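Report on the structure given below.
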Amino acid sequence: MTGSPLIEVEDLRIDLNDGSRKVPAVESVSFRIDRGETFGLVGESGCGKSITALALIGLLRPPLSIGGGVIRFEGREIQHLSAAKQRALRGNRIAMIFQEPMTALNPVSPVGRQIAEMFVLHKGKSWREANQLAVDALASVRVPAPERRVKDYPHQLSGGMRQRVMIAIALACGPDLLIADEPTTALDVTVQAEIIELMRNLCAERRTAILMISHDLGLVANVCRRVAVMYAGRIVEERGSADIFRSPSHPYTQGLVASLPRLGSRAALGRTRLKEIAGVVPAIASFPDGCRFNPRCAQATDICRTTAPGTDLLGAGGLVRCHHHA
Amino acid sequence: MKLRANLVIGGALFALAILVGLLAPWLAHTDPIMDANLMNAEEAPSWTWWFGTDGQGRDIYSRVVYGARVSLTVGIVSQLINSVIGVALGLSAGYWGGWWDDVVNALTNLMLAIPSLIFALAIMAVLGPGLTSLLIALGLTNWSFTCRIARASALSLRSQGYVQAATVLGYGDMRIMITQLLPNMLGPIVVIGTLGMGSAVLSEAALSFLGLGVRPPFPSWGSMLSEARDQITTAPWLSVFPGLAIFLTVLGLNLLGDGLRDILDPQSRSRRT
Ligand SMILES: Nc1ncnc2c1ncn2[C@@H]1O[C@H](COP(=O)(O)OP(=O)(O)OP(=O)(O)O)[C@@H](O)[C@H]1O
Ligand code: SF4
Ligand SMILES: [Mg+2]
């Protein structure tokens, strides 16, 4: 299906059922990712990034559930597919890697077997073939001496090596979309850069789209062509990566960009404190009326406190959700 | 790592019992059933009759050696059945939760409330005596501890990163339970299983003592004790040697279980040091 996006989310709502009532943890979220594209989702802790990703792969579990909207994969609605059909997509067409490479591998199973299992599970290979493919997969993530490493247990590998193994597992079946939820926060900075570079190169070679989730706008904008900024369960701005740095439109995005250390700036040299956005993200049950950012926003006016802003189009396919955007 | 005395002694005793059972035809001096000879009935232990002879002139040593086969078969096979039942129920209950968990919990509590020997007795009463009945009766009545442990392990393991990762990678429930949960709970399950084998050996003795186990004239340690009870003052060797065999085997299994727990469970290791 050429022309239609790889994955398309329309007006997604995720409800949190707190016993007596349902409160929306994520609301009016829409975005699309084309084949081979890199898309970033950025926002503070608790804004709903991870649960949005879980909704995409059909793994929201009570008390969370999809409350509305449509998720299309290759033009086909997937949120109502049977459990078995969703399972066949997971790991096969849509793969995901997590932030914790330390715990995401089974401690009692050799890493080669864990890679091989993907071929057995999704591609119907025999164990003999799968074990051979596992060596190749390990070689493709630049693990030295892969034919010996496949026999190693996770505890014998460093954090960076384990994350390489996780990438090998995630990309084993040649997925169309790789969701990377904070894939490097547990690693130190130099390893982080290597892993990101590796992931980006492998996905570019295979035309695998990336949905990268992080609270680090700098990192995401570096990797992704387009970025969506999320605040308190809503996407407040979506732009090309370059645009978002050059001319952030939403006051929250402006705050995020201003808080990034710039190369050679006084903040990067450690002479001044970074400009921070005052206040904290509200909890789901106490989202304020109107624009959810209004208690922390310097530009807030009366309308912001009563009416939720709609989305306005910006140039070059950008979107913003603010009454007084730049 | 320092080798632990309980592990070594327990392992040695259990290995000895297994060897004796396996090599019984070569170790025994006489046929334990056929070689009755009233000429040498009730001989005290001597160089010819190591453990003495019984009222029919059968060599007690040879009967104890062959008796190891019954005791160990019952101990190992019935505990294997228990382990499989306990793991299957506990693991699935802990992983799935919900109504299935409630059902398994109710069953487990029922099993814990009724002493398993009484339960086994009831089953034996229905099935009649014999080795197969013993295996079934003891195999169906002693899984509650394994079940508890498997359920608790599954509950804590299911929130582990690698279990969630497996879900995200498209593993089905069965595959997750077998490849992610089971191998990670094997330590405590093996410990419980070893201890359970010891109690199965005891239960076999008790049931055979009551005449519900292996039928005479085939020797089992429990039935030998049962036959010897009238002569306990006149010919004590008739009960001492099978009793000692039971004692050493059960002791060995308990020591082995303790020793395994020490090396497999890091919590009990740190508690002790
Ligand atoms: N299982 C759950 N039960 C109840 N609330 C949940 C559950 N999972 C997430 N939430 C709530 O949903 C909101 C969004 O969570 P989510 O994990 O998506 O945040 P996030 O943006 O990924 O944050 P982080 O950067 O910390 O990973 C949070 O307020 C969180 O408390
Ligand atoms: S809508 Fe109002 S409160 Fe919300 S970000 Fe824009 S200016 Fe600030
Ligand atoms: Mg998250």
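Residue names in the structure tokens use chain letters A, B, ... in the order shown, residue numbers from 1 in each chain, and ligand numbers from 1 in the order shown.
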For this session: Identify all chain B residues at most 12 Å from chain A by counting only C-alpha atoms; ligands do not count. Present them as a count of residues only.
Result: 29
Exercise. Which of stretch 105-161 of chain A counts as alpha helix (DSSP H) under DSSP, as an MDAnalysis selection string please?
Worked result: chainID A and resid 111:123 127:140 146:149 159:161
For this session: May I have all residues of stretch 38-226 of chain A that DSSP, computed from the backbone, assigns to strand (DSSP E), given as a ChimeraX atom specification?
Result: /A:38-42,64-73,76-77,94-97,177-181,209-214,226
Problem set entry | Non-local contacts of stretch 94-107 of chain B (8 Å; only C-alpha atoms; under 6 positions in same chain excluded) as a PyMOL selection string | chain B and resi 150-155+158+177
Problem set entry | Nearby polymer residues, ligand 1, at most 10 Å, only C-alpha atoms and all ligand atoms, as a ChimeraX atom specification | /A:14-18,24-26,41-55,60-65,99,181-182,213-216,230-233,281-285
